[in-house]
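**Student:** Pasting query-v5.txt below, which is compact mmCIF, C-alpha atoms.
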```txt
# COMPACT_ATOMS: atom_id res chain seq x y z
CA MET A 15 48.00 -22.28 85.33
CA PRO A 16 50.97 -24.57 84.83
CA GLN A 17 50.99 -27.04 81.99
CA ILE A 18 53.40 -29.92 82.61
CA THR A 19 54.28 -32.53 79.99
CA VAL A 20 56.27 -35.67 80.81
CA GLU A 21 57.46 -37.00 77.47
CA TYR A 22 59.33 -40.30 77.45
CA SER A 23 60.51 -43.15 75.28
CA ARG A 24 58.13 -46.10 75.58
CA ASN A 25 60.97 -48.53 76.42
CA LEU A 26 61.03 -47.04 79.92
CA GLU A 27 57.66 -48.50 80.82
CA ALA A 28 59.28 -51.79 81.79
CA ARG A 29 61.40 -50.01 84.38
CA VAL A 30 59.57 -46.85 85.42
CA ASP A 31 56.05 -46.56 86.83
CA VAL A 32 54.80 -43.77 84.61
CA VAL A 33 51.62 -43.14 86.56
CA ALA A 34 53.65 -42.74 89.75
CA LEU A 35 56.10 -40.49 87.90
CA VAL A 36 53.34 -38.20 86.67
CA HIS A 37 51.82 -38.03 90.15
CA ALA A 38 55.20 -37.30 91.76
CA ILE A 39 55.96 -34.49 89.32
CA HIS A 40 52.49 -33.04 89.82
CA GLU A 41 52.95 -33.06 93.60
CA ALA A 42 56.43 -31.59 93.27
CA ALA A 43 55.04 -28.62 91.35
CA ARG A 44 52.19 -28.27 93.83
CA SER A 45 54.60 -28.38 96.78
CA THR A 46 56.26 -25.15 95.66
CA GLY A 47 53.25 -23.15 96.81
CA LEU A 48 53.52 -21.03 93.68
CA PHE A 49 50.19 -22.15 92.22
CA GLU A 50 47.25 -21.39 94.52
CA GLN A 51 46.81 -24.83 96.08
CA GLY A 52 47.52 -26.48 92.76
CA TYR A 53 44.11 -26.03 91.19
CA GLY A 54 45.56 -24.92 87.89
CA ILE A 55 48.21 -27.59 87.46
CA ARG A 56 47.70 -30.04 84.59
CA THR A 57 50.33 -32.77 84.32
CA ARG A 58 50.29 -35.37 81.57
CA ALA A 59 52.42 -38.08 80.04
CA ALA A 60 53.33 -38.14 76.36
CA PRO A 61 54.81 -41.56 75.49
CA ARG A 62 56.80 -41.95 72.27
CA ASP A 63 56.89 -45.23 70.39
CA VAL A 64 59.41 -44.30 67.70
CA TYR A 65 62.65 -42.62 68.77
CA VAL A 66 66.35 -42.48 68.05
CA ILE A 67 68.58 -41.41 70.90
CA ALA A 68 72.28 -40.51 70.96
CA ASP A 69 74.25 -43.36 69.31
CA THR A 70 70.95 -44.93 68.10
CA ASP A 71 71.06 -47.91 70.47
CA PRO A 72 67.38 -48.90 70.83
CA ALA A 73 67.93 -49.47 74.55
CA ASN A 74 68.66 -45.78 75.09
CA ALA A 75 65.88 -43.87 76.81
CA PHE A 76 64.77 -40.38 77.69
CA VAL A 77 62.37 -38.43 79.85
CA ALA A 78 61.87 -34.78 78.91
CA VAL A 79 59.72 -32.74 81.27
CA VAL A 80 58.50 -29.34 80.14
CA VAL A 81 56.85 -27.06 82.69
CA ARG A 82 55.00 -24.13 81.18
CA ILE A 83 53.92 -21.29 83.44
CA ALA A 84 52.52 -17.79 83.03
CA GLU A 85 55.26 -15.29 82.36
CA GLY A 86 56.33 -13.03 85.20
CA ARG A 87 57.82 -15.46 87.69
CA THR A 88 61.16 -14.54 89.22
CA ALA A 89 64.35 -16.43 88.51
CA SER A 90 64.38 -17.87 92.01
CA GLN A 91 60.78 -19.06 91.70
CA LYS A 92 61.66 -20.82 88.47
CA GLU A 93 64.78 -22.38 89.96
CA LYS A 94 62.79 -23.66 92.92
CA LEU A 95 60.16 -25.14 90.63
CA ALA A 96 62.82 -26.76 88.44
CA ASP A 97 64.61 -28.20 91.44
CA ARG A 98 61.47 -29.75 92.87
CA VAL A 99 60.36 -31.25 89.58
CA PHE A 100 63.83 -32.52 88.74
CA GLY A 101 64.08 -34.03 92.22
CA ALA A 102 60.87 -35.97 91.67
CA LEU A 103 62.09 -37.10 88.27
CA ARG A 104 65.43 -38.29 89.68
CA THR A 105 63.77 -40.17 92.51
CA GLN A 106 61.23 -41.93 90.31
CA THR A 107 63.85 -42.99 87.77
CA ALA A 108 66.65 -43.88 90.19
CA ASP A 109 66.28 -47.64 89.81
CA ALA A 110 66.00 -47.47 86.04
CA LEU A 111 69.09 -45.26 85.84
CA ALA A 112 71.20 -48.02 87.32
CA SER A 113 70.59 -50.23 84.30
CA THR A 114 69.67 -47.85 81.48
CA ARG A 115 71.57 -45.29 79.50
CA MET A 116 69.24 -42.35 79.43
CA ALA A 117 68.80 -38.60 79.41
CA LEU A 118 66.61 -36.80 81.90
CA SER A 119 65.68 -33.17 81.43
CA VAL A 120 63.47 -30.51 82.92
CA GLU A 121 62.85 -27.12 81.49
CA ILE A 122 60.71 -24.14 82.37
CA GLN A 123 58.93 -22.20 79.64
CA ASP A 124 56.95 -18.97 79.85
CA ILE A 125 53.39 -18.77 78.57
CA ALA A 126 52.95 -15.37 76.93
CA GLU A 127 50.17 -13.30 78.45
CA LEU A 128 49.33 -11.81 75.04
CA GLY A 129 46.68 -14.03 73.52
CA ALA A 130 46.30 -16.29 76.56
CA ARG A 131 42.76 -17.35 77.40
CA ASN A 132 41.69 -19.51 80.33
CA HIS A 133 38.54 -20.92 81.82
CA ASN A 134 38.93 -23.10 84.87
CA THR A 135 36.31 -24.92 86.93
CA LEU A 136 38.83 -27.03 88.84
CA ARG A 137 38.02 -25.23 92.08
CA PRO A 138 37.78 -27.32 95.23
CA ARG A 139 34.45 -28.91 95.94
CA PRO A 140 32.59 -27.61 99.01
CA PRO A 141 33.34 -29.67 102.15
CA ASP A 142 29.98 -31.43 102.15
CA ALA A 143 30.05 -32.36 98.47
CA MET B 3 51.70 -21.21 58.46
CA PRO B 4 49.88 -21.77 61.71
CA GLN B 5 50.40 -24.94 63.68
CA ILE B 6 47.52 -25.64 66.06
CA THR B 7 47.55 -28.39 68.66
CA VAL B 8 44.46 -29.39 70.64
CA GLU B 9 45.76 -31.39 73.58
CA TYR B 10 43.21 -32.97 75.91
CA SER B 11 42.69 -35.55 78.62
CA ARG B 12 41.21 -38.71 77.13
CA ASN B 13 38.35 -38.78 79.66
CA LEU B 14 36.71 -35.96 77.67
CA GLU B 15 35.99 -38.24 74.72
CA ALA B 16 32.77 -39.44 76.35
CA ARG B 17 31.46 -35.87 76.48
CA VAL B 18 33.19 -33.90 73.71
CA ASP B 19 33.23 -34.69 69.99
CA VAL B 20 36.93 -34.27 69.39
CA VAL B 21 36.70 -34.37 65.60
CA ALA B 22 34.09 -31.60 65.69
CA LEU B 23 36.26 -29.65 68.14
CA VAL B 24 39.31 -29.86 65.90
CA HIS B 25 37.25 -28.79 62.88
CA ALA B 26 35.69 -25.89 64.78
CA ILE B 27 39.05 -24.60 65.97
CA HIS B 28 40.48 -24.93 62.48
CA GLU B 29 37.60 -22.94 61.02
CA ALA B 30 37.88 -20.35 63.79
CA ALA B 31 41.52 -19.74 62.88
CA ARG B 32 40.64 -19.64 59.21
CA SER B 33 37.81 -17.16 59.81
CA THR B 34 40.25 -14.51 61.02
CA GLY B 35 41.42 -13.90 57.46
CA LEU B 36 44.99 -13.71 58.75
CA PHE B 37 46.20 -16.79 56.90
CA GLU B 38 45.77 -16.53 53.15
CA GLN B 39 42.58 -18.54 52.77
CA GLY B 40 43.75 -21.02 55.36
CA TYR B 41 46.06 -23.04 53.14
CA GLY B 42 48.79 -23.13 55.74
CA ILE B 43 46.75 -24.06 58.78
CA ARG B 44 47.43 -27.48 60.31
CA THR B 45 45.23 -28.38 63.27
CA ARG B 46 45.58 -31.65 65.16
CA ALA B 47 44.47 -33.36 68.32
CA ALA B 48 46.89 -34.74 70.90
CA PRO B 49 44.99 -36.98 73.33
CA ARG B 50 46.60 -37.85 76.66
CA ASP B 51 45.88 -41.13 78.40
CA VAL B 52 47.80 -40.53 81.63
CA TYR B 53 47.27 -37.23 83.46
CA VAL B 54 46.95 -35.73 86.92
CA ILE B 55 44.96 -32.52 87.17
CA ALA B 56 44.57 -30.08 90.05
CA ASP B 57 43.47 -32.04 93.16
CA THR B 58 44.19 -35.34 91.32
CA ASP B 59 40.53 -36.37 90.94
CA PRO B 60 40.59 -38.68 87.88
CA ALA B 61 37.36 -37.06 86.66
CA ASN B 62 39.12 -33.72 86.18
CA ALA B 63 39.76 -32.81 82.56
CA PHE B 64 41.62 -30.32 80.41
CA VAL B 65 41.87 -29.01 76.90
CA ALA B 66 45.00 -26.99 76.10
CA VAL B 67 45.11 -25.37 72.67
CA VAL B 68 48.40 -23.96 71.42
CA VAL B 69 48.38 -21.84 68.28
CA ARG B 70 51.80 -21.28 66.80
CA ILE B 71 52.23 -18.60 64.13
CA ALA B 72 55.09 -16.87 62.36
CA GLU B 73 56.48 -14.02 64.43
CA GLY B 74 55.56 -10.49 63.44
CA ARG B 75 51.81 -10.41 64.03
CA THR B 76 50.43 -7.41 65.90
CA ALA B 77 48.94 -7.65 69.37
CA SER B 78 45.46 -7.03 68.00
CA GLN B 79 45.85 -9.76 65.39
CA LYS B 80 46.89 -12.18 68.11
CA GLU B 81 44.01 -11.15 70.36
CA LYS B 82 41.54 -11.65 67.54
CA LEU B 83 42.95 -15.06 66.77
CA ALA B 84 42.86 -16.04 70.44
CA ASP B 85 39.28 -14.82 70.82
CA ARG B 86 38.05 -16.79 67.82
CA VAL B 87 39.80 -20.00 68.82
CA PHE B 88 38.73 -19.70 72.45
CA GLY B 89 35.16 -19.03 71.32
CA ALA B 90 35.15 -22.24 69.31
CA LEU B 91 36.63 -24.14 72.25
CA ARG B 92 34.00 -22.77 74.64
CA THR B 93 31.15 -23.59 72.28
CA GLN B 94 32.29 -27.14 71.63
CA THR B 95 32.83 -27.90 75.32
CA ALA B 96 29.77 -26.08 76.70
CA ASP B 97 27.77 -29.21 77.43
CA ALA B 98 30.71 -31.02 78.98
CA LEU B 99 31.47 -28.03 81.19
CA ALA B 100 28.10 -28.36 82.87
CA SER B 101 29.07 -31.73 84.31
CA THR B 102 32.87 -31.75 84.38
CA ARG B 103 35.47 -29.88 86.39
CA MET B 104 37.96 -28.83 83.78
CA ALA B 105 40.46 -26.28 82.57
CA LEU B 106 40.33 -24.80 79.11
CA SER B 107 43.20 -22.77 77.72
CA VAL B 108 44.36 -21.15 74.53
CA GLU B 109 47.71 -19.60 73.95
CA ILE B 110 49.49 -18.00 71.03
CA GLN B 111 53.16 -18.70 70.41
CA ASP B 112 55.55 -17.15 67.91
CA ILE B 113 57.51 -19.30 65.48
CA ALA B 114 60.97 -17.77 65.15
CA GLU B 115 61.89 -16.83 61.59
CA LEU B 116 65.52 -17.75 62.21
CA GLY B 117 65.90 -21.39 61.23
CA ALA B 118 62.35 -21.78 59.93
CA ARG B 119 61.95 -23.87 56.77
CA ASN B 120 58.73 -24.56 54.93
CA HIS B 121 57.56 -26.40 51.88
CA ASN B 122 53.84 -26.37 51.20
CA THR B 123 51.84 -28.00 48.39
CA LEU B 124 48.48 -27.44 50.06
CA ARG B 125 47.46 -24.93 47.41
CA PRO B 126 43.91 -25.09 46.13
CA ARG B 127 43.27 -27.50 43.32
CA PRO B 128 42.32 -25.97 39.99
CA PRO B 129 38.53 -25.61 39.55
CA ASP B 130 38.28 -28.49 37.09
CA ALA B 131 40.32 -30.91 39.17
CA MET C 18 71.12 -31.50 74.42
CA PRO C 19 68.85 -31.20 71.43
CA GLN C 20 65.27 -32.38 71.62
CA ILE C 21 63.83 -33.12 68.19
CA THR C 22 60.17 -33.91 67.58
CA VAL C 23 58.87 -35.17 64.24
CA GLU C 24 55.12 -34.63 64.34
CA TYR C 25 53.07 -35.90 61.41
CA SER C 26 49.59 -36.77 60.23
CA ARG C 27 49.04 -40.52 60.43
CA ASN C 28 47.87 -40.73 56.80
CA LEU C 29 51.53 -40.37 55.76
CA GLU C 30 52.43 -43.79 57.09
CA ALA C 31 51.30 -45.43 53.85
CA ARG C 32 53.79 -43.35 51.89
CA VAL C 33 56.62 -42.39 54.23
CA ASP C 34 58.84 -44.73 56.26
CA VAL C 35 58.61 -42.95 59.58
CA VAL C 36 61.36 -44.94 61.26
CA ALA C 37 63.72 -44.08 58.41
CA LEU C 38 62.60 -40.45 58.58
CA VAL C 39 63.35 -40.21 62.29
CA HIS C 40 66.75 -41.84 61.79
CA ALA C 41 67.58 -39.52 58.89
CA ILE C 42 66.68 -36.41 60.86
CA HIS C 43 68.66 -37.64 63.85
CA GLU C 44 71.71 -38.22 61.67
CA ALA C 45 71.26 -34.86 59.97
CA ALA C 46 71.41 -33.10 63.34
CA ARG C 47 74.37 -35.21 64.38
CA SER C 48 76.20 -34.43 61.14
CA THR C 49 76.38 -30.73 62.00
CA GLY C 50 79.06 -31.41 64.58
CA LEU C 51 77.36 -28.97 66.92
CA PHE C 52 76.45 -31.56 69.54
CA GLU C 53 79.48 -33.35 70.94
CA GLN C 54 79.29 -36.53 68.86
CA GLY C 55 75.53 -36.58 69.17
CA TYR C 56 75.30 -38.06 72.66
CA GLY C 57 72.66 -35.59 73.73
CA ILE C 58 70.34 -35.78 70.73
CA ARG C 59 66.89 -37.27 71.32
CA THR C 60 64.70 -37.56 68.24
CA ARG C 61 61.16 -38.90 68.35
CA ALA C 62 58.06 -39.21 66.26
CA ALA C 63 54.67 -37.85 67.35
CA PRO C 64 51.96 -39.26 65.07
CA ARG C 65 48.56 -37.55 65.00
CA ASP C 66 45.39 -39.49 64.29
CA VAL C 67 42.93 -36.60 64.19
CA TYR C 68 43.81 -33.55 62.11
CA VAL C 69 42.32 -30.94 59.82
CA ILE C 70 44.67 -29.39 57.30
CA ALA C 71 44.21 -26.39 55.01
CA ASP C 72 40.97 -26.90 53.01
CA THR C 73 40.05 -29.86 55.25
CA ASP C 74 40.60 -32.54 52.59
CA PRO C 75 41.37 -35.68 54.65
CA ALA C 76 44.09 -36.59 52.16
CA ASN C 77 46.11 -33.51 53.11
CA ALA C 78 49.17 -34.26 55.21
CA PHE C 79 51.85 -32.56 57.28
CA VAL C 80 55.20 -33.13 58.90
CA ALA C 81 56.25 -30.54 61.47
CA VAL C 82 59.76 -30.91 62.87
CA VAL C 83 60.73 -28.91 65.94
CA VAL C 84 64.38 -28.85 66.97
CA ARG C 85 64.96 -27.49 70.45
CA ILE C 86 68.49 -26.59 71.51
CA ALA C 87 70.16 -24.79 74.40
CA GLU C 88 70.08 -21.05 73.91
CA GLY C 89 73.27 -19.34 72.81
CA ARG C 90 73.85 -20.77 69.35
CA THR C 91 74.73 -18.33 66.60
CA ALA C 92 72.42 -17.55 63.72
CA SER C 93 74.68 -19.39 61.30
CA GLN C 94 74.77 -22.46 63.51
CA LYS C 95 70.98 -22.48 63.62
CA GLU C 96 70.71 -22.01 59.86
CA LYS C 97 73.10 -24.89 59.26
CA LEU C 98 71.14 -27.12 61.60
CA ALA C 99 67.85 -26.14 59.96
CA ASP C 100 69.26 -26.76 56.48
CA ARG C 101 70.53 -30.21 57.35
CA VAL C 102 67.32 -31.29 59.06
CA PHE C 103 65.12 -29.85 56.32
CA GLY C 104 67.28 -31.58 53.71
CA ALA C 105 66.71 -34.92 55.40
CA LEU C 106 62.99 -34.22 55.64
CA ARG C 107 62.77 -33.32 51.95
CA THR C 108 64.70 -36.40 50.89
CA GLN C 109 62.65 -38.81 52.97
CA THR C 110 59.33 -37.36 51.80
CA ALA C 111 60.24 -36.79 48.14
CA ASP C 112 58.25 -39.73 46.80
CA ALA C 113 55.21 -38.92 48.92
CA LEU C 114 55.30 -35.29 47.82
CA ALA C 115 54.73 -36.33 44.22
CA SER C 116 51.29 -37.68 45.09
CA THR C 117 50.26 -35.86 48.27
CA ARG C 118 49.31 -32.31 49.07
CA MET C 119 51.26 -31.59 52.21
CA ALA C 120 53.12 -29.09 54.33
CA LEU C 121 56.63 -29.71 55.58
CA SER C 122 58.18 -27.50 58.22
CA VAL C 123 61.26 -27.26 60.39
CA GLU C 124 61.81 -24.81 63.14
CA ILE C 125 64.51 -24.16 65.70
CA GLN C 126 63.59 -23.22 69.26
CA ASP C 127 65.80 -22.15 72.14
CA ILE C 128 65.73 -23.95 75.47
CA ALA C 129 66.05 -21.33 78.21
CA GLU C 130 69.02 -21.90 80.49
CA LEU C 131 67.06 -20.56 83.47
CA GLY C 132 65.39 -23.55 85.08
CA ALA C 133 66.98 -26.14 82.81
CA ARG C 134 68.08 -29.37 84.49
CA ASN C 135 69.81 -32.29 82.83
CA HIS C 136 71.19 -35.67 83.73
CA ASN C 137 72.64 -37.74 80.94
CA THR C 138 74.17 -41.22 80.98
CA LEU C 139 74.16 -41.61 77.19
CA ARG C 140 77.93 -41.51 77.08
CA PRO C 141 79.68 -43.93 74.75
CA ARG C 142 80.39 -47.35 76.13
CA PRO C 143 84.03 -48.25 76.67
CA PRO C 144 85.58 -50.06 73.64
CA ASP C 145 85.59 -53.47 75.30
CA ALA C 146 81.99 -53.24 76.50
```
Here is a file; write its structure as structure tokens.
**Tutor:**
Amino acid sequence: MPQITVEYSRNLEARVDVVALVHAIHEAARSTGLFEQGYGIRTRAAPRDVYVIADTDPANAFVAVVVRIAEGRTASQKEKLADRVFGALRTQTADALASTRMALSVEIQDIAELGARNHNTLRPRPPDA
Amino acid sequence: MPQITVEYSRNLEARVDVVALVHAIHEAARSTGLFEQGYGIRTRAAPRDVYVIADTDPANAFVAVVVRIAEGRTASQKEKLADRVFGALRTQTADALASTRMALSVEIQDIAELGARNHNTLRPRPPDA
Amino acid sequence: MPQITVEYSRNLEARVDVVALVHAIHEAARSTGLFEQGYGIRTRAAPRDVYVIADTDPANAFVAVVVRIAEGRTASQKEKLADRVFGALRTQTADALASTRMALSVEIQDIAELGARNHNTLRPRPPDA
């Protein structure tokens, strides 16, 4: 049941298609095959309007992606997931990177099983629906 | 000093009363008796306007509640807290669930004591105030 | 590559200069000398419009600062960082504290190395730029 947050400085919206970025990261996570056809993946953007980055130049930008998954995955599964997501992030921001000083990051966090509760009706619809 | 975040896809606002949801989750945490009359509990909503969920149908929805508490609680305390909060979440979203494919989640996270700093003036007012 | 989030209840905006607060916290983290001249620090505000705090009085307020850093720092490095950031938070909210019941918090979280990916072009510009 991965929870993916794509947090970014609002100044990027002039140079990055955020909807496309969120879709690409979602598909990158789904492409790993780690998450049962992707029915548990929830990917969202979190824009930030007020930020101070590095040397405080207002033109500086960031995208910080956090991928949170149930604990128990192997190191190689996490590395694969990180690589795919980071690849999508790099591709979607490639043009902006040419003209913008910015920091891109991806990280993988564990969701503790103790205290976790889930209810999910995101199952596929039947074929004739 | 619990920190509770109720993150959700904005499309739920037509079917879920978010203010009532945040209140219900706050009261659920308070009802556990774990937090000194509730004076340290801070519960807030974090709506998301851009999201991609599961099979990417824009009608899909999510609510992800994260409850962050000082480390050191027992497993049974955490389970009780999770049960109460999840119960409130289920109750408040019951009607919406009938017509919406969505994912509900609750998780409990520890706040590390190392580096934690707090200042709190949320004490009760005197009776004659 | 610190990631700093300054989350707060929107009712504080009448009494706290949020831009100044974010700058002060950014500079406080930079002043520790722990982060290579500060080129990796990203500090942002996350305002919350819907919240329920302590006894549910709508006048209650909070600021919750989370500082996320690469794992491996010593306890004393984390304590120094927490002290500096909390000092900036206290200073910037001192006037508001006189008239507002609120909770201030700082915490330090580790970013796991496993799965972490970074690309950073926030380097200083050359002197003649």
**Student:** In Å, with one decimal, what is the gap from atom CA of A:Gln91 to atom CA of A:Glu41?
**Tutor:**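 It comes out at 16.2 Å.
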**Student:** Rounded to one decimal place, report the atom CA of C:Ala99-atom CA of C:Asp34 distance in Å.
**Tutor:**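 For atom CA of C:Ala99 relative to atom CA of C:Asp34, the distance reads 21.0 Å.
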**Student:** Between atom CA of B:Ala26 and atom CA of B:Ala90, what is the spacing in Å?
**Tutor:**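 Those two atoms sit 5.8 Å apart.
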**Student:** What residues in chain A lie within 7 Å of chain C, counting only C-alpha atoms, written as a list in words?
**Tutor:**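 Going by the stated atoms only, the list reads Arg62, Val64, Tyr65, Val66, Ile67, Ala68, Asp69, Lys92, Glu93, Ala96, Phe100, Arg115, Met116, Ala117, Leu118, Ser119, Val120, Glu121 and Ile122 of chain A.
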**Student:** Using only C-alpha atoms, which of C:Leu29, C:Leu38, C:Val83, C:Leu98 sits nearest C:Gly50?
**Tutor:** C:Leu98
